[in-house]
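One file, final-v3.txt, is given below (compact mmCIF, C-alpha atoms).
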```
# COMPACT_ATOMS: atom_id res chain seq x y z
CA ASP A 120 44.22 96.13 324.61
CA ALA A 121 47.83 95.75 325.69
CA GLU A 122 48.92 92.22 326.38
CA ILE A 123 51.82 89.83 326.69
CA THR A 124 51.90 86.75 324.49
CA GLN A 125 54.08 83.67 324.50
CA SER A 126 54.68 81.21 321.72
CA PRO A 127 54.53 78.37 321.28
CA ARG A 128 52.12 77.31 324.01
CA HIS A 129 53.42 73.76 323.90
CA LYS A 130 56.73 72.43 322.64
CA ILE A 131 58.27 68.99 322.55
CA THR A 132 61.93 68.74 321.68
CA GLU A 133 64.84 66.36 321.97
CA THR A 134 67.84 66.51 324.22
CA GLY A 135 70.64 68.58 322.74
CA ARG A 136 68.50 70.68 320.41
CA GLN A 137 68.41 74.46 320.55
CA VAL A 138 65.00 75.85 321.41
CA THR A 139 63.74 79.42 321.45
CA LEU A 140 60.64 80.53 323.29
CA ALA A 141 59.11 83.83 322.24
CA CYS A 142 57.68 86.55 324.45
CA HIS A 143 56.07 89.69 323.05
CA GLN A 144 54.46 92.49 325.04
CA THR A 145 52.54 95.51 323.88
CA TRP A 146 52.48 97.26 327.25
CA ASN A 147 55.61 99.21 326.30
CA HIS A 148 57.12 98.07 329.59
CA ASN A 149 60.78 98.50 330.32
CA ASN A 150 61.18 95.36 332.40
CA MET A 151 60.77 91.81 331.15
CA PHE A 152 61.34 88.54 332.97
CA TRP A 153 61.49 84.82 332.31
CA TYR A 154 60.51 82.33 335.00
CA ARG A 155 60.18 78.60 335.15
CA GLN A 156 57.51 76.95 337.25
CA ASP A 157 58.15 73.51 338.70
CA LEU A 158 56.34 71.49 341.32
CA GLY A 159 57.91 72.11 344.69
CA HIS A 160 59.88 75.14 343.50
CA GLY A 161 57.28 77.71 342.62
CA LEU A 162 58.47 80.44 340.27
CA ARG A 163 62.19 80.75 339.70
CA LEU A 164 63.74 83.63 337.82
CA ILE A 165 65.83 82.67 334.79
CA HIS A 166 66.77 85.98 333.16
CA TYR A 167 65.51 89.51 333.17
CA SER A 168 65.93 92.76 331.31
CA TYR A 169 65.47 96.38 332.35
CA GLY A 170 65.52 97.72 328.81
CA VAL A 171 66.86 97.38 325.30
CA GLN A 172 70.34 95.82 325.19
CA ASP A 173 70.14 95.05 328.93
CA THR A 174 70.05 91.45 330.17
CA ASN A 175 70.75 89.96 333.58
CA LYS A 176 71.01 86.48 335.02
CA GLY A 177 68.49 85.21 337.49
CA GLU A 178 68.82 82.41 340.01
CA VAL A 179 68.59 79.54 337.49
CA SER A 180 70.23 80.94 334.35
CA ASP A 181 72.57 78.06 333.46
CA GLY A 182 71.73 76.67 330.03
CA TYR A 183 69.57 79.65 329.06
CA SER A 184 70.20 82.93 327.28
CA VAL A 185 68.13 85.98 326.33
CA SER A 186 68.55 89.01 324.13
CA ARG A 187 66.69 92.33 324.09
CA SER A 188 66.91 94.08 320.76
CA ASN A 189 63.67 96.03 321.16
CA THR A 190 61.21 96.96 323.89
CA GLU A 191 58.55 94.42 322.92
CA ASP A 192 60.44 91.13 322.76
CA LEU A 193 62.55 88.99 325.06
CA PRO A 194 63.16 85.58 323.47
CA LEU A 195 64.49 82.81 325.72
CA THR A 196 66.93 80.35 324.16
CA LEU A 197 67.87 76.96 325.50
CA GLU A 198 71.27 76.42 323.92
CA SER A 199 71.26 72.63 324.24
CA ALA A 200 68.03 71.37 325.76
CA ALA A 201 68.27 68.98 328.69
CA SER A 202 65.59 66.85 330.34
CA SER A 203 65.99 68.94 333.49
CA GLN A 204 64.64 71.87 331.50
CA THR A 205 61.25 70.25 331.09
CA SER A 206 59.03 72.82 332.76
CA VAL A 207 56.41 75.49 332.28
CA TYR A 208 57.96 78.81 331.30
CA PHE A 209 56.38 82.16 332.02
CA CYS A 210 57.29 85.52 330.64
CA ALA A 211 56.31 88.67 332.53
CA SER A 212 56.70 92.40 332.15
CA SER A 213 56.48 95.39 334.45
CA GLU A 214 56.79 99.12 334.13
CA SER A 215 58.66 99.94 337.33
CA LYS A 216 56.49 102.87 338.34
CA GLY A 217 58.36 104.25 341.29
CA GLY A 218 59.91 100.86 341.75
CA ARG A 219 56.63 99.34 342.90
CA ASP A 220 56.06 96.74 340.30
CA ILE A 221 53.00 94.83 339.27
CA GLN A 222 54.06 92.06 336.92
CA TYR A 223 51.90 91.01 334.00
CA PHE A 224 52.28 87.43 332.92
CA GLY A 225 51.96 85.55 329.69
CA ALA A 226 49.92 82.37 329.43
CA GLY A 227 53.00 80.17 329.64
CA THR A 228 54.84 77.69 327.44
CA ARG A 229 54.88 74.05 328.42
CA LEU A 230 58.19 72.57 327.27
CA SER A 231 58.98 68.87 327.26
CA VAL A 232 62.54 67.73 326.56
CA LEU A 233 62.69 64.05 325.65
CA ALA B 119 69.02 89.36 350.24
CA GLN B 120 65.26 89.36 349.87
CA ARG B 121 63.33 86.20 350.54
CA VAL B 122 59.67 85.15 350.58
CA THR B 123 58.48 82.07 352.42
CA GLN B 124 55.12 80.40 352.04
CA PRO B 125 55.20 77.58 354.58
CA GLU B 126 52.21 75.66 353.24
CA LYS B 127 52.46 74.05 349.82
CA LEU B 128 48.93 72.68 350.07
CA LEU B 129 45.92 74.00 351.95
CA SER B 130 42.47 72.47 351.94
CA VAL B 131 39.34 73.94 353.50
CA PHE B 132 35.61 73.44 353.20
CA LYS B 133 33.35 75.92 351.47
CA GLY B 134 32.27 78.63 353.87
CA ALA B 135 35.22 78.13 356.20
CA PRO B 136 37.78 80.87 356.85
CA VAL B 137 41.05 80.59 355.01
CA GLU B 138 44.48 82.07 355.69
CA LEU B 139 47.46 81.65 353.39
CA LYS B 140 50.68 82.51 355.15
CA CYS B 141 53.50 84.59 353.75
CA ASN B 142 56.64 85.71 355.54
CA TYR B 143 59.38 87.81 354.08
CA SER B 144 62.87 89.02 354.82
CA TYR B 145 64.13 92.28 353.40
CA SER B 146 66.19 95.03 354.92
CA GLY B 147 64.38 97.92 353.27
CA SER B 148 60.75 98.89 352.85
CA PRO B 149 59.21 96.43 350.38
CA GLU B 150 55.94 96.26 348.61
CA LEU B 151 54.10 92.97 348.93
CA PHE B 152 51.77 91.35 346.45
CA TRP B 153 49.56 88.31 346.16
CA TYR B 154 49.24 86.73 342.74
CA VAL B 155 46.77 84.00 341.84
CA GLN B 156 46.77 81.35 339.14
CA TYR B 157 43.44 79.67 338.47
CA SER B 158 43.35 76.41 336.58
CA ARG B 159 44.34 76.90 332.93
CA GLN B 160 44.72 80.65 333.39
CA ARG B 161 47.73 82.89 333.57
CA LEU B 162 49.17 84.23 336.77
CA GLN B 163 47.54 87.53 337.68
CA LEU B 164 47.68 90.08 340.43
CA LEU B 165 45.17 89.53 343.22
CA LEU B 166 46.08 92.40 345.51
CA ARG B 167 48.93 94.57 346.73
CA HIS B 168 49.43 95.89 350.21
CA ILE B 169 49.76 99.51 349.20
CA SER B 170 46.20 99.49 347.83
CA ARG B 171 44.67 98.34 351.12
CA GLU B 172 41.69 96.95 349.26
CA SER B 173 39.66 93.78 349.34
CA ILE B 174 39.58 91.75 346.13
CA LYS B 175 37.13 88.85 345.76
CA GLY B 176 36.70 88.95 349.52
CA PHE B 177 40.42 88.55 350.18
CA THR B 178 42.42 90.93 352.32
CA ALA B 179 46.06 91.02 353.35
CA ASP B 180 47.70 93.19 355.95
CA LEU B 181 51.38 93.95 356.02
CA ASN B 182 52.77 93.31 359.50
CA LYS B 183 56.24 94.81 359.55
CA GLY B 184 56.92 93.62 363.09
CA GLU B 185 56.31 90.00 362.16
CA THR B 186 57.46 90.52 358.55
CA SER B 187 54.31 88.84 357.34
CA PHE B 188 51.69 89.44 354.66
CA HIS B 189 49.10 86.72 355.20
CA LEU B 190 46.14 86.44 352.82
CA LYS B 191 42.75 85.98 354.46
CA LYS B 192 39.17 85.37 353.49
CA PRO B 193 36.40 84.85 356.01
CA PHE B 194 34.27 82.50 353.90
CA ALA B 195 36.02 80.46 351.23
CA GLN B 196 34.26 79.65 347.96
CA GLU B 197 34.92 76.76 345.57
CA GLU B 198 36.02 79.21 342.90
CA ASP B 199 38.86 80.32 345.17
CA SER B 200 40.64 77.05 344.46
CA ALA B 201 43.90 78.07 342.81
CA MET B 202 47.61 78.46 343.27
CA TYR B 203 48.56 81.57 345.26
CA TYR B 204 51.94 83.24 345.19
CA CYS B 205 53.20 85.87 347.58
CA ALA B 206 55.74 88.27 346.06
CA LEU B 207 58.01 91.03 347.27
CA SER B 208 59.11 94.03 345.23
CA PRO B 209 62.11 95.90 346.62
CA SER B 210 62.35 99.59 347.37
CA GLN B 211 62.75 102.00 344.50
CA GLY B 212 66.22 102.17 343.07
CA GLY B 213 69.16 99.89 343.73
CA THR B 214 70.36 96.88 341.84
CA ASN B 215 67.16 94.91 342.39
CA ALA B 216 64.72 97.61 341.31
CA GLY B 217 61.86 96.07 339.39
CA LYS B 218 62.80 92.50 340.27
CA SER B 219 60.25 90.76 342.40
CA THR B 220 60.91 87.69 344.52
CA PHE B 221 58.19 85.06 344.62
CA GLY B 222 57.43 82.47 347.25
CA ASP B 223 57.04 78.82 346.27
CA GLY B 224 53.28 79.10 346.17
CA THR B 225 50.36 77.56 348.05
CA THR B 226 47.76 75.44 346.31
CA LEU B 227 44.37 76.14 347.87
CA THR B 228 41.57 73.63 347.46
CA VAL B 229 38.10 74.56 348.62
CA LYS B 230 35.94 71.49 349.02
CA PRO B 231 32.15 71.58 348.64
```
Give the structure from this file in structure tokens form.
Amino acid sequence: DAEITQSPRHKITETGRQVTLACHQTWNHNNMFWYRQDLGHGLRLIHYSYGVQDTNKGEVSDGYSVSRSNTEDLPLTLESAASSQTSVYFCASSESKGGRDIQYFGAGTRLSVL
Amino acid sequence: AQRVTQPEKLLSVFKGAPVELKCNYSYSGSPELFWYVQYSRQRLQLLLRHISRESIKGFTADLNKGETSFHLKKPFAQEEDSAMYYCALSPSQGGTNAGKSTFGDGTTLTVKP
């Protein structure tokens, strides 16, 4: 069955370190997204991609970067982790059938920056 | 700009009582609206979409374009409905925002026994 997987599921790191969160989907979807989920803020879009070599900034992109070298993967990199980036991160993908998108979510990565 | 508002962060009802989770949106075009649900320790998943006009787990939601609302309703809440619910808007086909959904801040529903 097609799915979307995130790794690691939990990560503890120190301030200033570079961290990469992996997202892999086997739906063969064009669109992939990264969100962070925080109490009081719901889901906020970090970065997204409409296809290979395409990346776009979301509403909270500062301090994060992504790259899309193939259809299946959209890794999220925190260049220099900050305590404010402690959060739960969700990856999602969608196919964009006629522009009416259902998003399929990964199980999430809980990141703690100490 | 598209925007989704869920005015209630927390909602608590007793088992068997009716429940309504509110969602209001602003968008100049013709959007598609979704409700996603996240049960404890599970991933976010689609509950229903307005274009399907179906009832899922007893929940229904009607798109009211005049009031720009897409409230989620269930006549008799069950304990297993306790979860976080997100309303989301997907823009019209094409344009710079194609494929990019906007989510509300979510409502945590607790159904008490």
For region 134-141 of chain A, please output as a PyMOL selection string all residues within 12 Å (counting all atoms listed in the file; exclusion window: fewer than 4 positions along the same chain). chain A and resi 123-130+152-154+182-187+191-205+207-211+225-233
Neighbouring residues of Gly222 (chain B) were defined as those with any atom within 6 Å, considering only C-alpha atoms; residues of the same chain fewer than 5 positions away were excluded. Please report them as a VMD selection string. chain B and resid 122 to 124 204 to 205
Sorted per-residue table, chain A near chain B, closest atoms and distance, 8 Å, only C-alpha atoms, as a tab-separated table:
```
residue	atom	partner	partner_atom	distance
A:Asn150	CA	B:Gly217	CA	7.1
A:Gly159	CA	B:Asp223	CA	6.9
A:His160	CA	B:Asp223	CA	5.4
A:Gly161	CA	B:Asp223	CA	3.8
A:Leu162	CA	B:Phe221	CA	6.4
A:Arg163	CA	B:Phe221	CA	7.7
A:Tyr169	CA	B:Gly217	CA	7.9
A:Ser213	CA	B:Gly217	CA	7.3
A:Glu214	CA	B:Gly217	CA	7.9
A:Ser215	CA	B:Gly217	CA	5.4
A:Gly217	CA	B:Gln211	CA	5.9
A:Gly218	CA	B:Gln211	CA	4.1
A:Arg219	CA	B:Ser208	CA	6.3
A:Asp220	CA	B:Gly217	CA	5.9
A:Ile221	CA	B:Leu164	CA	7.2
A:Gln222	CA	B:Leu164	CA	7.5
A:Tyr223	CA	B:Gln163	CA	6.7
A:Phe224	CA	B:Leu162	CA	5.9
A:Gly225	CA	B:Arg161	CA	6.3
A:Ala226	CA	B:Arg161	CA	4.7
A:Gly227	CA	B:Arg161	CA	7.1
```
Taking all atoms listed in the file into account, name the residue in A:Asp120, A:Glu178, A:Asp157, A:Asp173 that is nearest to Gln144 (chain A).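 Using all atoms listed in the file, Gln144 (chain A) sits closest to A:Asp120.
Here CA of Ser173 (chain B) and CA of Asn147 (chain A) stand 28.5 Å from one another.
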From the list B:Leu190, B:Cys141, B:Leu129, B:Val155, which residue is nearest Val229 (chain B) when using all atoms listed in the file?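 Closest candidate: B:Leu129.
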Between CA of Ser180 (chain A) and CA of Arg121 (chain B), distance in Å (one decimal):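 Between CA of Ser180 (chain A) and CA of Arg121 (chain B) the gap is 18.4 Å.
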One decimal, Å: what's the distance from CA of Leu165 (chain B) over to CA of Val171 (chain A), could you say?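 Atom-to-atom, CA of Leu165 (chain B) and CA of Val171 (chain A) are spaced 29.2 Å apart.
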With only C-alpha atoms counted, which protein, DNA or RNA residues have an atom no more than 7 Å from (35.8, 85.8, 350.4) in the file frame? Please answer as a PyMOL selection string. chain B and resi 175-177+192-196
Can you spit out the residues from that selection as a PDB file, keeping the file's coordinate frame, using C-alpha atoms?
```pdb
ATOM      1  CA  LYS B 175      37.130  88.850 345.760  1.00  0.00           C
ATOM      2  CA  GLY B 176      36.700  88.950 349.520  1.00  0.00           C
ATOM      3  CA  PHE B 177      40.420  88.550 350.180  1.00  0.00           C
ATOM      4  CA  LYS B 192      39.170  85.370 353.490  1.00  0.00           C
ATOM      5  CA  PRO B 193      36.400  84.850 356.010  1.00  0.00           C
ATOM      6  CA  PHE B 194      34.270  82.500 353.900  1.00  0.00           C
ATOM      7  CA  ALA B 195      36.020  80.460 351.230  1.00  0.00           C
ATOM      8  CA  GLN B 196      34.260  79.650 347.960  1.00  0.00           C
TER       9      GLN B 196
END
```
When distances are computed from only C-alpha atoms, which of A:Glu122, A:Ile131, A:Val179, A:Ser168 shows the smallest separation from Met151 (chain A)?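 Checking each candidate against Met151 (chain A), we get A:Ser168 as the closest.
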Put region 140-156 of chain A into a file with all heavy atoms, as a PDB file, in the first residue's frame.
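The resulting file, result.pdb, is shown below:
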```
ATOM      1  N   LEU A 140      15.052  16.342   8.880  1.00  0.00           N
ATOM      2  CA  LEU A 140      13.923  15.451   9.057  1.00  0.00           C
ATOM      3  C   LEU A 140      13.537  14.889   7.688  1.00  0.00           C
ATOM      4  O   LEU A 140      13.404  15.642   6.726  1.00  0.00           O
ATOM      5  CB  LEU A 140      12.740  16.195   9.668  1.00  0.00           C
ATOM      6  CG  LEU A 140      13.016  17.021  10.927  1.00  0.00           C
ATOM      7  CD1 LEU A 140      11.724  17.647  11.438  1.00  0.00           C
ATOM      8  CD2 LEU A 140      13.680  16.185  11.990  1.00  0.00           C
ATOM      9  N   ALA A 141      13.355  13.585   7.644  1.00  0.00           N
ATOM     10  CA  ALA A 141      13.073  12.931   6.369  1.00  0.00           C
ATOM     11  C   ALA A 141      11.585  12.713   6.164  1.00  0.00           C
ATOM     12  O   ALA A 141      10.833  12.485   7.115  1.00  0.00           O
ATOM     13  CB  ALA A 141      13.796  11.587   6.297  1.00  0.00           C
ATOM     14  N   CYS A 142      11.183  12.803   4.903  1.00  0.00           N
ATOM     15  CA  CYS A 142       9.806  12.513   4.501  1.00  0.00           C
ATOM     16  C   CYS A 142       9.853  11.767   3.177  1.00  0.00           C
ATOM     17  O   CYS A 142      10.464  12.246   2.207  1.00  0.00           O
ATOM     18  CB  CYS A 142       9.008  13.793   4.337  1.00  0.00           C
ATOM     19  SG  CYS A 142       7.326  13.522   3.734  1.00  0.00           S
ATOM     20  N   HIS A 143       9.202  10.615   3.146  1.00  0.00           N
ATOM     21  CA  HIS A 143       9.232   9.761   1.961  1.00  0.00           C
ATOM     22  C   HIS A 143       7.823   9.293   1.668  1.00  0.00           C
ATOM     23  O   HIS A 143       7.157   8.755   2.546  1.00  0.00           O
ATOM     24  CB  HIS A 143      10.144   8.551   2.225  1.00  0.00           C
ATOM     25  CG  HIS A 143      10.228   7.596   1.086  1.00  0.00           C
ATOM     26  ND1 HIS A 143      11.028   7.801  -0.012  1.00  0.00           N
ATOM     27  CD2 HIS A 143       9.587   6.400   0.860  1.00  0.00           C
ATOM     28  CE1 HIS A 143      10.898   6.795  -0.854  1.00  0.00           C
ATOM     29  NE2 HIS A 143      10.041   5.941  -0.350  1.00  0.00           N
ATOM     30  N   GLN A 144       7.370   9.503   0.422  1.00  0.00           N
ATOM     31  CA  GLN A 144       6.024   9.057   0.058  1.00  0.00           C
ATOM     32  C   GLN A 144       6.076   8.154  -1.173  1.00  0.00           C
ATOM     33  O   GLN A 144       6.874   8.367  -2.082  1.00  0.00           O
ATOM     34  CB  GLN A 144       5.092  10.263  -0.182  1.00  0.00           C
ATOM     35  CG  GLN A 144       5.578  11.290  -1.178  1.00  0.00           C
ATOM     36  CD  GLN A 144       4.976  11.182  -2.562  1.00  0.00           C
ATOM     37  OE1 GLN A 144       4.147  10.311  -2.840  1.00  0.00           O
ATOM     38  NE2 GLN A 144       5.368  12.097  -3.450  1.00  0.00           N
ATOM     39  N   THR A 145       5.203   7.155  -1.129  1.00  0.00           N
ATOM     40  CA  THR A 145       5.133   6.216  -2.251  1.00  0.00           C
ATOM     41  C   THR A 145       3.812   6.359  -2.996  1.00  0.00           C
ATOM     42  O   THR A 145       3.395   5.451  -3.716  1.00  0.00           O
ATOM     43  CB  THR A 145       5.319   4.772  -1.753  1.00  0.00           C
ATOM     44  OG1 THR A 145       4.325   4.497  -0.755  1.00  0.00           O
ATOM     45  CG2 THR A 145       6.705   4.571  -1.174  1.00  0.00           C
ATOM     46  N   TRP A 146       3.140   7.495  -2.814  1.00  0.00           N
ATOM     47  CA  TRP A 146       1.909   7.764  -3.546  1.00  0.00           C
ATOM     48  C   TRP A 146       2.193   8.247  -4.972  1.00  0.00           C
ATOM     49  O   TRP A 146       1.286   8.332  -5.787  1.00  0.00           O
ATOM     50  CB  TRP A 146       1.094   8.863  -2.843  1.00  0.00           C
ATOM     51  CG  TRP A 146       0.548   8.505  -1.512  1.00  0.00           C
ATOM     52  CD1 TRP A 146       1.088   8.777  -0.296  1.00  0.00           C
ATOM     53  CD2 TRP A 146      -0.677   7.821  -1.244  1.00  0.00           C
ATOM     54  NE1 TRP A 146       0.287   8.304   0.707  1.00  0.00           N
ATOM     55  CE2 TRP A 146      -0.803   7.726   0.159  1.00  0.00           C
ATOM     56  CE3 TRP A 146      -1.690   7.286  -2.054  1.00  0.00           C
ATOM     57  CZ2 TRP A 146      -1.890   7.104   0.778  1.00  0.00           C
ATOM     58  CZ3 TRP A 146      -2.775   6.669  -1.453  1.00  0.00           C
ATOM     59  CH2 TRP A 146      -2.860   6.589  -0.055  1.00  0.00           C
ATOM     60  N   ASN A 147       3.433   8.629  -5.231  1.00  0.00           N
ATOM     61  CA  ASN A 147       3.803   9.241  -6.502  1.00  0.00           C
ATOM     62  C   ASN A 147       3.093  10.591  -6.693  1.00  0.00           C
ATOM     63  O   ASN A 147       2.727  10.983  -7.813  1.00  0.00           O
ATOM     64  CB  ASN A 147       3.484   8.321  -7.693  1.00  0.00           C
ATOM     65  CG  ASN A 147       4.284   8.706  -8.927  1.00  0.00           C
ATOM     66  OD1 ASN A 147       5.417   9.173  -8.828  1.00  0.00           O
ATOM     67  ND2 ASN A 147       3.690   8.526 -10.099  1.00  0.00           N
ATOM     68  N   HIS A 148       2.897  11.289  -5.568  1.00  0.00           N
ATOM     69  CA  HIS A 148       2.247  12.584  -5.610  1.00  0.00           C
ATOM     70  C   HIS A 148       3.205  13.673  -6.049  1.00  0.00           C
ATOM     71  O   HIS A 148       4.390  13.645  -5.722  1.00  0.00           O
ATOM     72  CB  HIS A 148       1.690  12.945  -4.219  1.00  0.00           C
ATOM     73  CG  HIS A 148       0.448  12.209  -3.865  1.00  0.00           C
ATOM     74  ND1 HIS A 148      -0.009  12.129  -2.565  1.00  0.00           N
ATOM     75  CD2 HIS A 148      -0.443  11.529  -4.624  1.00  0.00           C
ATOM     76  CE1 HIS A 148      -1.140  11.436  -2.554  1.00  0.00           C
ATOM     77  NE2 HIS A 148      -1.418  11.058  -3.789  1.00  0.00           N
ATOM     78  N   ASN A 149       2.651  14.650  -6.754  1.00  0.00           N
ATOM     79  CA  ASN A 149       3.475  15.781  -7.160  1.00  0.00           C
ATOM     80  C   ASN A 149       3.765  16.730  -6.004  1.00  0.00           C
ATOM     81  O   ASN A 149       4.849  17.278  -5.883  1.00  0.00           O
ATOM     82  CB  ASN A 149       2.770  16.571  -8.269  1.00  0.00           C
ATOM     83  CG  ASN A 149       2.689  15.781  -9.565  1.00  0.00           C
ATOM     84  OD1 ASN A 149       3.633  15.094  -9.927  1.00  0.00           O
ATOM     85  ND2 ASN A 149       1.568  15.881 -10.248  1.00  0.00           N
ATOM     86  N   ASN A 150       2.751  16.956  -5.174  1.00  0.00           N
ATOM     87  CA  ASN A 150       2.854  17.991  -4.140  1.00  0.00           C
ATOM     88  C   ASN A 150       3.283  17.404  -2.808  1.00  0.00           C
ATOM     89  O   ASN A 150       2.770  16.373  -2.377  1.00  0.00           O
ATOM     90  CB  ASN A 150       1.499  18.678  -3.941  1.00  0.00           C
ATOM     91  CG  ASN A 150       0.935  19.228  -5.229  1.00  0.00           C
ATOM     92  OD1 ASN A 150       1.671  19.566  -6.148  1.00  0.00           O
ATOM     93  ND2 ASN A 150      -0.381  19.306  -5.297  1.00  0.00           N
ATOM     94  N   MET A 151       4.200  18.093  -2.145  1.00  0.00           N
ATOM     95  CA  MET A 151       4.601  17.704  -0.803  1.00  0.00           C
ATOM     96  C   MET A 151       4.724  18.949   0.063  1.00  0.00           C
ATOM     97  O   MET A 151       5.063  20.031  -0.431  1.00  0.00           O
ATOM     98  CB  MET A 151       5.928  16.938  -0.826  1.00  0.00           C
ATOM     99  CG  MET A 151       5.833  15.598  -1.540  1.00  0.00           C
ATOM    100  SD  MET A 151       7.358  14.635  -1.481  1.00  0.00           S
ATOM    101  CE  MET A 151       7.348  14.083   0.231  1.00  0.00           C
ATOM    102  N   PHE A 152       4.418  18.780   1.337  1.00  0.00           N
ATOM    103  CA  PHE A 152       4.325  19.922   2.256  1.00  0.00           C
ATOM    104  C   PHE A 152       4.977  19.573   3.579  1.00  0.00           C
ATOM    105  O   PHE A 152       4.935  18.427   4.034  1.00  0.00           O
ATOM    106  CB  PHE A 152       2.852  20.260   2.535  1.00  0.00           C
ATOM    107  CG  PHE A 152       2.017  20.438   1.301  1.00  0.00           C
ATOM    108  CD1 PHE A 152       1.431  19.346   0.681  1.00  0.00           C
ATOM    109  CD2 PHE A 152       1.810  21.693   0.759  1.00  0.00           C
ATOM    110  CE1 PHE A 152       0.662  19.494  -0.464  1.00  0.00           C
ATOM    111  CE2 PHE A 152       1.041  21.856  -0.387  1.00  0.00           C
ATOM    112  CZ  PHE A 152       0.470  20.749  -0.995  1.00  0.00           C
ATOM    113  N   TRP A 153       5.490  20.569   4.254  1.00  0.00           N
ATOM    114  CA  TRP A 153       5.940  20.454   5.630  1.00  0.00           C
ATOM    115  C   TRP A 153       5.175  21.462   6.481  1.00  0.00           C
ATOM    116  O   TRP A 153       5.092  22.657   6.129  1.00  0.00           O
ATOM    117  CB  TRP A 153       7.438  20.724   5.762  1.00  0.00           C
ATOM    118  CG  TRP A 153       8.301  19.524   5.539  1.00  0.00           C
ATOM    119  CD1 TRP A 153       9.042  19.232   4.441  1.00  0.00           C
ATOM    120  CD2 TRP A 153       8.517  18.458   6.470  1.00  0.00           C
ATOM    121  NE1 TRP A 153       9.715  18.051   4.620  1.00  0.00           N
ATOM    122  CE2 TRP A 153       9.409  17.555   5.854  1.00  0.00           C
ATOM    123  CE3 TRP A 153       8.064  18.178   7.759  1.00  0.00           C
ATOM    124  CZ2 TRP A 153       9.849  16.388   6.484  1.00  0.00           C
ATOM    125  CZ3 TRP A 153       8.495  17.024   8.372  1.00  0.00           C
ATOM    126  CH2 TRP A 153       9.384  16.151   7.745  1.00  0.00           C
ATOM    127  N   TYR A 154       4.635  20.959   7.598  1.00  0.00           N
ATOM    128  CA  TYR A 154       3.933  21.796   8.555  1.00  0.00           C
ATOM    129  C   TYR A 154       4.576  21.623   9.934  1.00  0.00           C
ATOM    130  O   TYR A 154       5.158  20.587  10.229  1.00  0.00           O
ATOM    131  CB  TYR A 154       2.465  21.372   8.691  1.00  0.00           C
ATOM    132  CG  TYR A 154       1.630  21.492   7.458  1.00  0.00           C
ATOM    133  CD1 TYR A 154       1.519  20.421   6.565  1.00  0.00           C
ATOM    134  CD2 TYR A 154       0.911  22.646   7.184  1.00  0.00           C
ATOM    135  CE1 TYR A 154       0.728  20.513   5.427  1.00  0.00           C
ATOM    136  CE2 TYR A 154       0.109  22.749   6.051  1.00  0.00           C
ATOM    137  CZ  TYR A 154       0.023  21.679   5.187  1.00  0.00           C
ATOM    138  OH  TYR A 154      -0.771  21.775   4.070  1.00  0.00           O
ATOM    139  N   ARG A 155       4.373  22.615  10.772  1.00  0.00           N
ATOM    140  CA  ARG A 155       4.647  22.433  12.181  1.00  0.00           C
ATOM    141  C   ARG A 155       3.342  22.649  12.948  1.00  0.00           C
ATOM    142  O   ARG A 155       2.484  23.459  12.553  1.00  0.00           O
ATOM    143  CB  ARG A 155       5.753  23.360  12.690  1.00  0.00           C
ATOM    144  CG  ARG A 155       5.538  24.838  12.511  1.00  0.00           C
ATOM    145  CD  ARG A 155       6.715  25.632  13.083  1.00  0.00           C
ATOM    146  NE  ARG A 155       6.743  25.589  14.549  1.00  0.00           N
ATOM    147  CZ  ARG A 155       7.723  26.099  15.288  1.00  0.00           C
ATOM    148  NH1 ARG A 155       8.765  26.683  14.707  1.00  0.00           N
ATOM    149  NH2 ARG A 155       7.679  26.011  16.613  1.00  0.00           N
ATOM    150  N   GLN A 156       3.210  21.885  14.021  1.00  0.00           N
ATOM    151  CA  GLN A 156       1.991  21.926  14.823  1.00  0.00           C
ATOM    152  C   GLN A 156       2.361  22.356  16.228  1.00  0.00           C
ATOM    153  O   GLN A 156       3.112  21.669  16.920  1.00  0.00           O
ATOM    154  CB  GLN A 156       1.318  20.551  14.847  1.00  0.00           C
ATOM    155  CG  GLN A 156      -0.008  20.520  15.590  1.00  0.00           C
ATOM    156  CD  GLN A 156      -0.566  19.106  15.681  1.00  0.00           C
ATOM    157  OE1 GLN A 156       0.154  18.157  15.961  1.00  0.00           O
ATOM    158  NE2 GLN A 156      -1.866  18.964  15.430  1.00  0.00           N
TER     159      GLN A 156
END
```
